[in-house]
>>> print(open('model.tsv').read())   # TSV, C-alpha atoms
chain	number	residue	atom	x	y	z
A	11	MET	CA	34.46	-38.81	-49.60
A	12	SER	CA	37.48	-39.11	-51.86
A	13	VAL	CA	40.76	-40.62	-50.68
A	14	LEU	CA	42.54	-37.26	-50.96
A	15	VAL	CA	39.93	-35.44	-48.85
A	16	ALA	CA	39.98	-38.26	-46.29
A	17	LEU	CA	43.76	-37.99	-46.03
A	18	ILE	CA	43.57	-34.21	-45.56
A	19	VAL	CA	40.92	-34.54	-42.84
A	20	THR	CA	42.93	-37.29	-41.13
A	21	LEU	CA	45.89	-34.91	-40.94
A	22	GLY	CA	43.64	-32.25	-39.49
A	23	MET	CA	42.13	-34.52	-36.85
A	24	LEU	CA	45.25	-36.30	-35.65
A	25	VAL	CA	47.97	-33.66	-36.11
A	26	ILE	CA	46.73	-30.13	-36.74
A	27	VAL	CA	44.04	-29.84	-34.06
A	28	PRO	CA	46.05	-31.27	-31.13
A	29	MET	CA	49.12	-29.27	-32.14
A	30	GLY	CA	47.02	-26.12	-32.32
A	31	LEU	CA	45.34	-26.79	-28.97
A	32	ARG	CA	48.75	-26.85	-27.28
A	33	LEU	CA	49.40	-23.42	-28.76
A	34	ILE	CA	46.05	-22.12	-27.50
A	35	ASP	CA	47.14	-23.11	-24.01
A	36	GLU	CA	49.90	-20.55	-24.53
A	37	THR	CA	48.42	-17.13	-23.64
A	38	ALA	CA	49.95	-13.69	-23.55
A	39	GLY	CA	48.98	-11.09	-21.00
A	40	HIS	CA	50.89	-7.99	-22.13
A	41	ALA	CA	49.47	-8.02	-25.64
A	42	GLU	CA	45.92	-8.24	-24.34
A	43	HIS	CA	46.43	-5.42	-21.84
A	44	ALA	CA	47.99	-3.25	-24.53
A	45	GLU	CA	45.08	-3.87	-26.87
A	46	HIS	CA	42.64	-3.02	-24.08
A	47	ALA	CA	44.42	0.32	-23.76
A	48	GLY	CA	44.32	0.90	-27.51
A	49	GLN	CA	48.10	0.71	-27.84
A	50	ASP	CA	50.17	-1.07	-30.42
A	51	VAL	CA	52.32	-3.96	-29.29
A	52	PRO	CA	55.89	-3.47	-30.52
A	53	ALA	CA	56.76	-5.81	-33.36
A	54	GLY	CA	60.04	-7.39	-34.26
A	55	PRO	CA	62.74	-8.94	-32.12
A	56	THR	CA	62.48	-7.87	-28.50
A	57	GLY	CA	64.86	-10.44	-27.17
A	58	PRO	CA	68.13	-12.14	-28.11
A	59	ALA	CA	66.34	-15.26	-29.29
A	60	GLY	CA	64.16	-13.58	-31.89
A	61	PRO	CA	60.43	-12.72	-31.83
A	62	VAL	CA	58.88	-12.90	-28.40
A	63	VAL	CA	55.93	-15.26	-28.23
A	64	HIS	CA	55.13	-14.54	-24.58
A	65	ALA	CA	54.88	-10.82	-24.08
A	66	GLY	CA	53.95	-11.00	-20.42
A	67	PRO	CA	52.39	-13.10	-17.70
A	68	ALA	CA	50.00	-15.80	-18.80
A	69	ALA	CA	46.35	-14.83	-18.86
A	70	PRO	CA	43.91	-17.02	-16.92
A	71	ARG	CA	42.54	-20.01	-18.75
A	72	PRO	CA	39.69	-22.43	-18.07
A	73	PRO	CA	40.75	-25.82	-16.77
A	74	GLY	CA	40.67	-28.89	-18.97
A	75	LEU	CA	42.01	-27.53	-22.27
A	76	ARG	CA	45.49	-28.95	-21.72
A	77	LEU	CA	44.01	-32.35	-20.87
A	78	LEU	CA	41.78	-32.18	-23.94
A	79	ALA	CA	44.79	-31.37	-26.12
A	80	ARG	CA	46.71	-34.37	-24.81
A	81	ALA	CA	43.74	-36.70	-25.26
A	82	TRP	CA	42.72	-35.36	-28.67
A	83	PRO	CA	44.40	-38.03	-30.85
A	84	LEU	CA	42.50	-40.68	-28.89
A	85	LEU	CA	39.26	-38.71	-29.13
A	86	ALA	CA	39.79	-38.20	-32.85
A	87	ALA	CA	40.38	-41.90	-33.55
A	88	PRO	CA	36.63	-42.68	-34.05
A	89	GLY	CA	36.39	-39.78	-36.49
A	90	VAL	CA	39.36	-41.07	-38.47
A	91	LEU	CA	37.79	-44.53	-38.52
A	92	ALA	CA	34.55	-43.03	-39.84
A	93	LEU	CA	36.41	-41.44	-42.74
A	94	TRP	CA	37.55	-44.80	-44.06
A	95	LEU	CA	34.36	-46.76	-43.49
A	96	PRO	CA	31.67	-46.85	-46.17
A	97	ARG	CA	28.72	-44.57	-45.57
A	98	SER	CA	26.62	-46.46	-43.07
A	99	PRO	CA	25.07	-46.23	-39.59
A	100	LEU	CA	28.34	-47.62	-38.21
A	101	ALA	CA	30.34	-44.82	-39.85
A	102	ALA	CA	27.82	-42.23	-38.66
A	103	GLY	CA	27.98	-43.60	-35.11
A	104	SER	CA	31.76	-43.43	-35.13
A	105	ALA	CA	31.56	-39.87	-36.43
A	106	CYS	CA	29.17	-39.01	-33.58
A	107	LEU	CA	31.89	-39.80	-31.06
A	108	TYR	CA	34.20	-37.35	-32.76
A	109	ALA	CA	31.43	-34.77	-32.96
A	110	LEU	CA	31.01	-35.03	-29.18
A	111	ALA	CA	34.72	-34.28	-28.76
A	112	THR	CA	34.40	-31.19	-30.97
A	113	LEU	CA	31.38	-30.11	-28.93
A	114	ALA	CA	33.42	-30.43	-25.73
A	115	LEU	CA	36.06	-28.25	-27.38
A	116	ALA	CA	33.44	-25.67	-28.40
A	117	LEU	CA	32.22	-25.45	-24.80
A	118	HIS	CA	35.67	-24.17	-23.84
A	119	ALA	CA	34.91	-20.97	-25.78
A	120	PRO	CA	32.25	-19.63	-23.36
A	121	ALA	CA	34.27	-20.96	-20.43
A	122	ARG	CA	37.35	-19.10	-21.67
A	123	LEU	CA	35.31	-15.94	-22.25
A	124	ALA	CA	33.93	-16.13	-18.72
A	125	VAL	CA	37.46	-16.33	-17.33
A	126	THR	CA	39.23	-13.77	-19.52
A	127	ARG	CA	36.26	-11.40	-20.04
A	128	SER	CA	38.11	-10.21	-23.10
A	129	LEU	CA	37.02	-9.67	-26.69
A	130	VAL	CA	40.21	-8.14	-28.01
A	131	PRO	CA	40.93	-9.25	-31.60
A	132	ALA	CA	43.39	-11.99	-30.65
A	133	GLU	CA	40.87	-13.49	-28.22
A	134	VAL	CA	38.09	-13.36	-30.82
A	135	ALA	CA	40.31	-15.38	-33.15
A	136	VAL	CA	41.09	-17.95	-30.44
A	137	LEU	CA	37.41	-18.30	-29.52
A	138	THR	CA	36.62	-18.89	-33.20
A	139	ALA	CA	39.27	-21.60	-33.38
A	140	LEU	CA	37.68	-23.38	-30.41
A	141	VAL	CA	34.20	-23.38	-31.97
A	142	THR	CA	34.73	-24.15	-35.66
A	143	PRO	CA	35.70	-27.86	-35.36
A	144	SER	CA	32.19	-28.52	-34.05
A	145	VAL	CA	30.79	-27.43	-37.44
A	146	ALA	CA	33.10	-29.95	-39.10
A	147	GLY	CA	32.02	-32.63	-36.61
A	148	LEU	CA	28.32	-32.09	-37.33
A	149	ALA	CA	28.90	-32.16	-41.08
A	150	LEU	CA	30.90	-35.38	-40.74
A	151	VAL	CA	28.06	-37.16	-38.95
A	152	ALA	CA	25.56	-36.33	-41.70
A	153	GLU	CA	28.01	-37.07	-44.53
A	154	ARG	CA	29.06	-40.45	-43.14
A	155	GLY	CA	25.43	-41.37	-42.68
A	156	GLY	CA	24.68	-40.42	-46.29
A	157	HIS	CA	22.11	-37.79	-45.30
A	158	ALA	CA	21.65	-34.19	-46.37
A	159	LEU	CA	22.05	-31.51	-43.71
A	160	PHE	CA	20.17	-28.21	-44.01
A	161	GLY	CA	19.65	-28.98	-47.68
A	162	PHE	CA	23.32	-29.72	-48.42
A	163	GLU	CA	24.10	-33.03	-50.06
A	164	PRO	CA	26.83	-35.36	-48.71
A	165	GLY	CA	29.22	-34.29	-51.48
A	166	ILE	CA	29.21	-30.69	-50.22
A	167	LEU	CA	29.35	-31.80	-46.60
A	168	ALA	CA	32.47	-33.85	-47.37
A	169	LEU	CA	34.26	-30.61	-48.28
A	170	THR	CA	32.82	-28.74	-45.30
A	171	VAL	CA	34.71	-31.06	-42.93
A	172	PRO	CA	38.24	-30.08	-44.06
A	173	HIS	CA	37.20	-26.46	-44.57
A	174	PHE	CA	36.35	-25.95	-40.91
A	175	HIS	CA	39.41	-27.84	-39.72
A	176	PHE	CA	41.78	-25.64	-41.72
A	177	ALA	CA	40.05	-22.42	-42.85
A	178	GLY	CA	38.16	-22.41	-39.56
A	179	PHE	CA	40.36	-23.76	-36.77
A	180	THR	CA	43.89	-23.27	-38.09
A	181	ALA	CA	43.38	-19.96	-39.88
A	182	ALA	CA	41.73	-18.33	-36.87
A	183	LEU	CA	44.34	-19.71	-34.47
A	184	VAL	CA	47.29	-18.51	-36.55
A	185	ALA	CA	45.66	-15.09	-37.00
A	186	GLY	CA	45.33	-14.83	-33.23
A	187	LEU	CA	48.95	-15.86	-32.66
A	188	VAL	CA	50.20	-13.36	-35.22
A	189	CYS	CA	48.11	-10.61	-33.63
A	190	ARG	CA	49.48	-11.34	-30.16
A	191	THR	CA	53.07	-11.46	-31.33
A	192	THR	CA	53.29	-8.58	-33.81
A	193	GLY	CA	50.53	-6.20	-32.72
A	194	GLY	CA	49.46	-3.18	-34.74
A	195	ARG	CA	46.42	-2.35	-36.85
A	196	THR	CA	47.16	-4.88	-39.57
A	197	ALA	CA	47.42	-7.69	-37.02
A	198	ARG	CA	44.15	-6.67	-35.35
A	199	PHE	CA	42.48	-6.48	-38.76
A	200	ALA	CA	43.65	-10.02	-39.53
A	201	ALA	CA	42.50	-11.39	-36.17
A	202	LEU	CA	39.01	-9.96	-36.71
A	203	SER	CA	38.53	-10.46	-40.45
A	204	VAL	CA	39.44	-14.16	-40.44
A	205	PRO	CA	36.66	-15.10	-37.96
A	206	LEU	CA	34.26	-12.71	-39.69
A	207	GLY	CA	35.07	-14.11	-43.12
A	208	THR	CA	34.65	-17.67	-41.86
A	209	LEU	CA	31.22	-16.77	-40.46
A	210	LEU	CA	30.17	-15.01	-43.67
A	211	VAL	CA	31.22	-17.99	-45.78
A	212	LEU	CA	29.12	-20.25	-43.53
A	213	LEU	CA	26.14	-17.91	-43.83
A	214	GLY	CA	26.67	-17.77	-47.57
A	215	TYR	CA	25.94	-21.49	-47.75
A	216	PHE	CA	22.37	-20.68	-46.68
A	217	VAL	CA	21.88	-17.42	-48.61
A	218	ASP	CA	23.43	-17.42	-52.09
A	219	ASP	CA	26.69	-17.45	-53.99
A	220	TRP	CA	27.09	-13.67	-53.76
A	221	ALA	CA	26.98	-13.80	-49.98
A	222	GLU	CA	29.54	-16.57	-50.05
A	223	LEU	CA	31.72	-14.44	-52.34
A	224	ALA	CA	31.52	-11.58	-49.83
A	225	GLY	CA	32.69	-13.94	-47.10
A	226	ALA	CA	35.51	-15.20	-49.32
A	227	LEU	CA	36.65	-11.61	-49.92
A	228	VAL	CA	36.77	-10.83	-46.20
A	229	LEU	CA	38.49	-14.13	-45.38
A	230	THR	CA	41.04	-13.66	-48.16
A	231	ALA	CA	41.86	-10.14	-47.00
A	232	GLY	CA	42.43	-11.39	-43.47
A	233	MET	CA	44.56	-14.34	-44.53
A	234	TRP	CA	46.67	-12.18	-46.84
A	235	ALA	CA	47.24	-9.85	-43.89
A	236	VAL	CA	48.42	-12.89	-41.90
A	237	ALA	CA	50.73	-13.86	-44.76
A	238	LEU	CA	52.13	-10.31	-44.99
A	239	LEU	CA	52.90	-10.11	-41.27
A	240	THR	CA	54.35	-13.62	-41.27
A	241	TRP	CA	56.67	-12.79	-44.16
A	242	ARG	CA	57.63	-9.27	-43.12
A	243	GLU	CA	57.71	-9.44	-39.31
A	244	LEU	CA	58.04	-13.04	-38.14
A	245	ARG	CA	60.18	-14.58	-40.87
A	246	THR	CA	62.77	-11.81	-40.83
A	247	THR	CA	63.26	-12.04	-37.05
A	248	ALA	CA	63.15	-15.82	-36.71
A	249	PRO	CA	66.40	-17.07	-35.13
A	250	ASP	CA	67.18	-20.09	-37.31
A	251	ARG	CA	66.93	-21.19	-40.91
A	252	VAL	CA	64.38	-23.96	-40.35
A	253	THR	CA	61.90	-21.64	-38.65
A	254	ARG	CA	62.41	-18.96	-41.29
A	255	THR	CA	61.79	-21.51	-44.03
A	256	LEU	CA	58.61	-22.82	-42.41
A	257	LEU	CA	57.26	-19.29	-41.93
A	258	GLY	CA	58.18	-18.30	-45.47
A	259	VAL	CA	56.53	-21.37	-47.02
A	260	SER	CA	53.34	-20.85	-45.01
A	261	ALA	CA	53.10	-17.20	-46.11
A	262	VAL	CA	53.70	-17.88	-49.81
A	263	VAL	CA	51.37	-20.88	-49.94
A	264	LEU	CA	48.65	-18.95	-48.13
A	265	VAL	CA	48.64	-16.22	-50.78
A	266	ALA	CA	48.28	-18.80	-53.55
A	267	THR	CA	45.62	-20.96	-51.90
A	268	MET	CA	43.43	-18.00	-50.97
A	269	LEU	CA	43.70	-16.70	-54.54
A	270	LEU	CA	42.33	-20.06	-55.67
A	271	ALA	CA	39.49	-19.84	-53.13
A	272	LEU	CA	38.63	-16.35	-54.31
A	273	SER	CA	38.60	-17.40	-57.98
A	274	TRP	CA	36.30	-20.32	-57.19
A	275	ALA	CA	33.84	-18.16	-55.22
A	276	LEU	CA	33.89	-15.52	-57.96
A	277	GLY	CA	33.19	-18.13	-60.61
A	278	GLU	CA	30.32	-19.63	-58.62
A	279	ALA	CA	28.70	-16.21	-58.23
A	280	THR	CA	29.23	-14.85	-61.74
A	281	GLY	CA	29.35	-17.96	-63.90
A	282	LEU	CA	32.91	-17.23	-65.03
A	283	PRO	CA	35.20	-20.23	-65.62
A	284	HIS	CA	36.67	-21.47	-62.38
A	285	PRO	CA	38.31	-24.63	-60.99
A	286	SER	CA	36.19	-27.66	-60.22
A	287	LEU	CA	35.72	-28.94	-56.67
A	288	THR	CA	38.02	-31.88	-57.42
A	289	TRP	CA	40.73	-29.51	-58.62
A	290	MET	CA	40.18	-27.25	-55.60
A	291	ALA	CA	40.65	-30.20	-53.23
A	292	ALA	CA	43.92	-31.13	-54.95
A	293	THR	CA	45.31	-27.57	-54.95
A	294	HIS	CA	43.61	-25.28	-52.44
A	295	GLY	CA	42.86	-28.06	-49.95
A	296	LEU	CA	46.20	-29.85	-50.09
A	297	GLY	CA	48.14	-26.58	-50.13
A	298	ASN	CA	46.31	-25.25	-47.09
A	299	ALA	CA	46.78	-28.51	-45.20
A	300	LEU	CA	50.51	-29.04	-45.83
A	301	GLY	CA	51.88	-25.68	-46.93
A	302	PHE	CA	49.96	-23.39	-44.61
A	303	ALA	CA	48.55	-25.28	-41.61
A	304	LEU	CA	51.32	-27.80	-40.99
A	305	CYS	CA	54.20	-25.40	-41.72
A	306	SER	CA	52.62	-22.62	-39.65
A	307	LEU	CA	52.02	-24.72	-36.57
A	308	LEU	CA	55.45	-26.34	-36.77
A	309	SER	CA	57.06	-22.90	-36.93
A	310	TRP	CA	54.95	-21.63	-34.00
A	311	ARG	CA	55.99	-24.64	-31.95
A	312	ARG	CA	59.61	-23.76	-32.61
A	313	LEU	CA	59.01	-20.11	-31.69
A	314	ARG	CA	57.28	-21.18	-28.50
A	315	ALA	CA	60.29	-23.26	-27.46
A	316	LEU	CA	62.77	-20.44	-28.03
A	317	PRO	CA	62.68	-18.86	-24.55
A	318	LYS	CA	63.32	-22.20	-22.86
A	319	ARG	CA	66.17	-23.10	-25.23
A	320	HIS	CA	67.75	-19.67	-24.85
A	321	GLU	CA	67.50	-19.82	-21.05
A	322	ALA	CA	69.12	-23.25	-21.00
A	323	ARG	CA	72.01	-22.01	-23.18
A	324	THR	CA	72.66	-18.84	-21.19
A	325	ARG	CA	72.29	-20.17	-17.63
A	326	PRO	CA	75.76	-20.04	-15.98
A	327	PRO	CA	77.12	-23.47	-15.01
A	328	LEU	CA	77.56	-24.25	-11.32
A	329	PRO	CA	80.91	-25.66	-10.13
A	330	ARG	CA	80.58	-29.36	-9.58
A	331	ASP	CA	80.21	-30.29	-5.91
A	332	ALA	CA	80.67	-26.66	-4.81
A	333	GLY	CA	79.13	-25.86	-1.47
A	334	ASN	CA	78.61	-29.48	-0.49
A	335	PRO	CA	79.63	-29.55	3.20
A	336	GLY	CA	80.24	-33.25	3.28
A	337	ASN	CA	82.25	-33.57	0.12
A	338	PRO	CA	85.93	-34.33	0.76
A	339	ARG	CA	86.78	-32.93	-2.69
A	340	ASP	CA	85.54	-29.46	-1.67
A	341	PRO	CA	88.62	-27.77	-0.06
A	342	GLY	CA	87.94	-26.28	3.33
A	343	SER	CA	84.67	-28.12	3.87
A	344	PRO	CA	84.04	-30.24	6.98
A	345	GLY	CA	84.55	-33.32	4.86
A	346	ASP	CA	88.05	-32.27	3.81
A	347	PRO	CA	90.60	-34.41	5.72
A	348	ARG	CA	93.01	-31.45	5.73
A	349	GLY	CA	90.65	-29.46	7.96
A	350	PRO	CA	88.59	-26.31	7.59
A	351	HIS	CA	91.66	-24.10	6.92
A	352	ALA	CA	92.78	-25.99	3.82
A	353	PRO	CA	93.50	-23.65	0.91
A	354	ARG	CA	90.71	-23.32	-1.59
A	355	THR	CA	91.43	-23.69	-5.26
A	356	ALA	CA	89.42	-22.14	-8.02
A	357	PRO	CA	87.22	-24.61	-9.87
A	358	HIS	CA	88.34	-25.59	-13.33
A	359	PRO	CA	86.47	-23.55	-15.94
A	360	THR	CA	83.86	-25.42	-17.90
A	361	PRO	CA	84.89	-25.61	-21.55
A	362	ARG	CA	82.61	-23.78	-24.00
A	363	THR	CA	80.74	-25.98	-26.45
A	364	GLU	CA	79.11	-23.22	-28.48
A	365	LEU	CA	80.13	-20.15	-30.42
A	366	PRO	CA	79.89	-16.77	-28.69
A	367	ALA	CA	76.50	-15.12	-29.14
>>> encode(input="model.tsv", output="structure tokens")
Amino acid sequence: MSVLVALIVTLGMLVIVPMGLRLIDETAGHAEHAEHAGQDVPAGPTGPAGPVVHAGPAAPRPPGLRLLARAWPLLAAPGVLALWLPRSPLAAGSACLYALATLALALHAPARLAVTRSLVPAEVAVLTALVTPSVAGLALVAERGGHALFGFEPGILALTVPHFHFAGFTAALVAGLVCRTTGGRTARFAALSVPLGTLLVLLGYFVDDWAELAGALVLTAGMWAVALLTWRELRTTAPDRVTRTLLGVSAVVLVATMLLALSWALGEATGLPHPSLTWMAATHGLGNALGFALCSLLSWRRLRALPKRHEARTRPPLPRDAGNPGNPRDPGSPGDPRGPHAPRTAPHPTPRTELPA
């Protein structure tokens, strides 16, 4: 495994997956109910703070996912260690510990399905995000041990690990978040085509290059739909410049990186000139990791925090010590030495520290 690929996978293990798991813990009830009824969820700003991430009461979730998200950097540490060790039984054993963590994450998919009993497009995307890291974990064990897996040599397996951290986990998660937030046919198409394309690409590994090209076409269509909705709906309604920039970068980079993936799959199937795997890792892989995955999840974290920040800014301040019966500074209270009939004075207004909305 090259240094660049190891760095990309390290980012995925220690930063992208735990950040994404905290977003999975965020569920939306209204969007799911609307999709069950076959209705479109209104897009655009539905509140003073910009796009609404929570469209209703939280849907039920299986226990343990929040704990797993908090513990993930610790659980991923053996996997990161395996990346930087030479191929050996020690590296494979360290990778096994990480693979067990990804398996525990995958088991949350059937548990979540049993609780929600929902297969709306956004839920399909979230379930895919929970399962795909286990494919990366299995490939890492074989690659670090220097063994082929299902006929694939360690060199191919080394690229499978980042693929299912980013094109699998992150792409499906972001497609699900976009679907829940924007709604509409395009969003549902994205939330379904990204998992389907990921599955078809995986099956293409075992069939032929044409099957893999078909998967790349479906995956690219879904990811371009995500980029379109991110640019047109989310970016334009984001409340601050930083969030708009992060969303814009993720959308633009996603178009470019998926075009590279499509050109590579087309070249593999037809024999036309196409980038090498080394070039793909330096462009498609690095762009997806930094430009798409990291920027997307950072922007979604900011969008998630908007309701809390807006509530804190708009909550009216309480007069200091008002209503405290034993406070001698509260006129007319039992603690006032002048007695209960002392004249009350209006509290001093709290000075504003922000511009009017």
>>> closest_residue(input="model.tsv", among="A:Thr192, A:Thr288, A:Thr267, A:Thr208", to="Arg242 of chain A", atoms="all atoms listed in the file")
A:Thr192
>>> residues_around(input="model.tsv", residues="segment 251-255 of chain A", least_positions_apart="4", cutoff="9 Å", atoms="all atoms listed in the file", output="list in words")
Trp241, Leu244, Arg245, Thr246, Thr247, Val259, Ser260, Cys305, Leu308, Ser309, Trp310, Arg312 and Leu313 of chain A
>>> write_last_selection(input="model.tsv", atoms="C-alpha atoms", output="mmCIF file, in the frame of the given file")
data_model
loop_
_atom_site.group_PDB
_atom_site.id
_atom_site.type_symbol
_atom_site.label_atom_id
_atom_site.label_comp_id
_atom_site.auth_asym_id
_atom_site.auth_seq_id
_atom_site.Cartn_x
_atom_site.Cartn_y
_atom_site.Cartn_z
ATOM 1 C CA TRP A 241 56.670 -12.790 -44.160
ATOM 2 C CA LEU A 244 58.040 -13.040 -38.140
ATOM 3 C CA ARG A 245 60.180 -14.580 -40.870
ATOM 4 C CA THR A 246 62.770 -11.810 -40.830
ATOM 5 C CA THR A 247 63.260 -12.040 -37.050
ATOM 6 C CA VAL A 259 56.530 -21.370 -47.020
ATOM 7 C CA SER A 260 53.340 -20.850 -45.010
ATOM 8 C CA CYS A 305 54.200 -25.400 -41.720
ATOM 9 C CA LEU A 308 55.450 -26.340 -36.770
ATOM 10 C CA SER A 309 57.060 -22.900 -36.930
ATOM 11 C CA TRP A 310 54.950 -21.630 -34.000
ATOM 12 C CA ARG A 312 59.610 -23.760 -32.610
ATOM 13 C CA LEU A 313 59.010 -20.110 -31.690
#
>>> residues_around(input="model.tsv", residues="segment 295-301 of chain A", least_positions_apart="6", cutoff="12 Å", atoms="all atoms listed in the file", output="PyMOL selection string")
chain A and resi 14-23+25-27+169-181+233+255-271+287-289+307-309
>>> closest_residue(input="model.tsv", among="A:Phe162, A:Trp82, A:Phe199, A:Phe302", to="Leu229 of chain A", atoms="all atoms listed in the file")
A:Phe199
>>> axis_aligned_box(input="model.tsv", around="segment 120-127 of chain A", padding_each_side="8 Å", output="lines of an AutoDock Vina configuration file")
center_x = 35.7
center_y = -16.2
center_z = -20.3
size_x = 23.0
size_y = 25.6
size_z = 22.0
>>> atom_distance(input="model.tsv", atom1="atom CA of Ala109 of chain A", atom2="atom CA of Ala168 of chain A")
14.5 Å
>>> atom_distance(input="model.tsv", atom1="atom CA of Leu140 of chain A", atom2="atom CA of Asp219 of chain A")
26.7 Å
>>> decode(input="model.tsv", residues="segment 171-185 of chain A", atoms="N, CA and C atoms", output="PDB file, in the first residue's frame")
ATOM      1  N   VAL A 171      -9.982  -0.747  -0.089  1.00  0.00           N
ATOM      2  CA  VAL A 171     -10.152  -0.206   1.272  1.00  0.00           C
ATOM      3  C   VAL A 171     -10.598   1.254   1.243  1.00  0.00           C
ATOM      4  N   PRO A 172      -9.903   2.158   0.549  1.00  0.00           N
ATOM      5  CA  PRO A 172     -10.407   3.543   0.523  1.00  0.00           C
ATOM      6  C   PRO A 172     -11.710   3.673  -0.251  1.00  0.00           C
ATOM      7  N   HIS A 173     -11.899   2.847  -1.280  1.00  0.00           N
ATOM      8  CA  HIS A 173     -13.123   2.958  -2.077  1.00  0.00           C
ATOM      9  C   HIS A 173     -14.364   2.778  -1.207  1.00  0.00           C
ATOM     10  N   PHE A 174     -14.359   1.798  -0.332  1.00  0.00           N
ATOM     11  CA  PHE A 174     -15.554   1.533   0.467  1.00  0.00           C
ATOM     12  C   PHE A 174     -15.626   2.371   1.739  1.00  0.00           C
ATOM     13  N   HIS A 175     -14.575   3.126   2.025  1.00  0.00           N
ATOM     14  CA  HIS A 175     -14.692   4.136   3.070  1.00  0.00           C
ATOM     15  C   HIS A 175     -15.315   5.424   2.527  1.00  0.00           C
ATOM     16  N   PHE A 176     -15.028   5.742   1.278  1.00  0.00           N
ATOM     17  CA  PHE A 176     -15.467   7.025   0.728  1.00  0.00           C
ATOM     18  C   PHE A 176     -16.610   6.853  -0.268  1.00  0.00           C
ATOM     19  N   ALA A 177     -16.410   6.060  -1.336  1.00  0.00           N
ATOM     20  CA  ALA A 177     -17.496   5.831  -2.295  1.00  0.00           C
ATOM     21  C   ALA A 177     -18.600   4.987  -1.676  1.00  0.00           C
ATOM     22  N   GLY A 178     -18.272   4.205  -0.668  1.00  0.00           N
ATOM     23  CA  GLY A 178     -19.284   3.402   0.001  1.00  0.00           C
ATOM     24  C   GLY A 178     -19.920   4.140   1.159  1.00  0.00           C
ATOM     25  N   PHE A 179     -19.175   4.346   2.228  1.00  0.00           N
ATOM     26  CA  PHE A 179     -19.734   4.932   3.447  1.00  0.00           C
ATOM     27  C   PHE A 179     -20.150   6.385   3.248  1.00  0.00           C
ATOM     28  N   THR A 180     -19.202   7.237   2.855  1.00  0.00           N
ATOM     29  CA  THR A 180     -19.484   8.670   2.815  1.00  0.00           C
ATOM     30  C   THR A 180     -20.487   9.034   1.729  1.00  0.00           C
ATOM     31  N   ALA A 181     -20.337   8.459   0.551  1.00  0.00           N
ATOM     32  CA  ALA A 181     -21.246   8.802  -0.546  1.00  0.00           C
ATOM     33  C   ALA A 181     -22.680   8.421  -0.205  1.00  0.00           C
ATOM     34  N   ALA A 182     -22.881   7.229   0.340  1.00  0.00           N
ATOM     35  CA  ALA A 182     -24.237   6.807   0.692  1.00  0.00           C
ATOM     36  C   ALA A 182     -24.804   7.671   1.811  1.00  0.00           C
ATOM     37  N   LEU A 183     -23.985   7.989   2.797  1.00  0.00           N
ATOM     38  CA  LEU A 183     -24.457   8.809   3.913  1.00  0.00           C
ATOM     39  C   LEU A 183     -24.877  10.193   3.434  1.00  0.00           C
ATOM     40  N   VAL A 184     -24.047  10.834   2.627  1.00  0.00           N
ATOM     41  CA  VAL A 184     -24.372  12.181   2.154  1.00  0.00           C
ATOM     42  C   VAL A 184     -25.609  12.142   1.261  1.00  0.00           C
ATOM     43  N   ALA A 185     -25.739  11.104   0.433  1.00  0.00           N
ATOM     44  CA  ALA A 185     -26.938  10.985  -0.397  1.00  0.00           C
ATOM     45  C   ALA A 185     -28.188  10.873   0.469  1.00  0.00           C
TER      46      ALA A 185
END
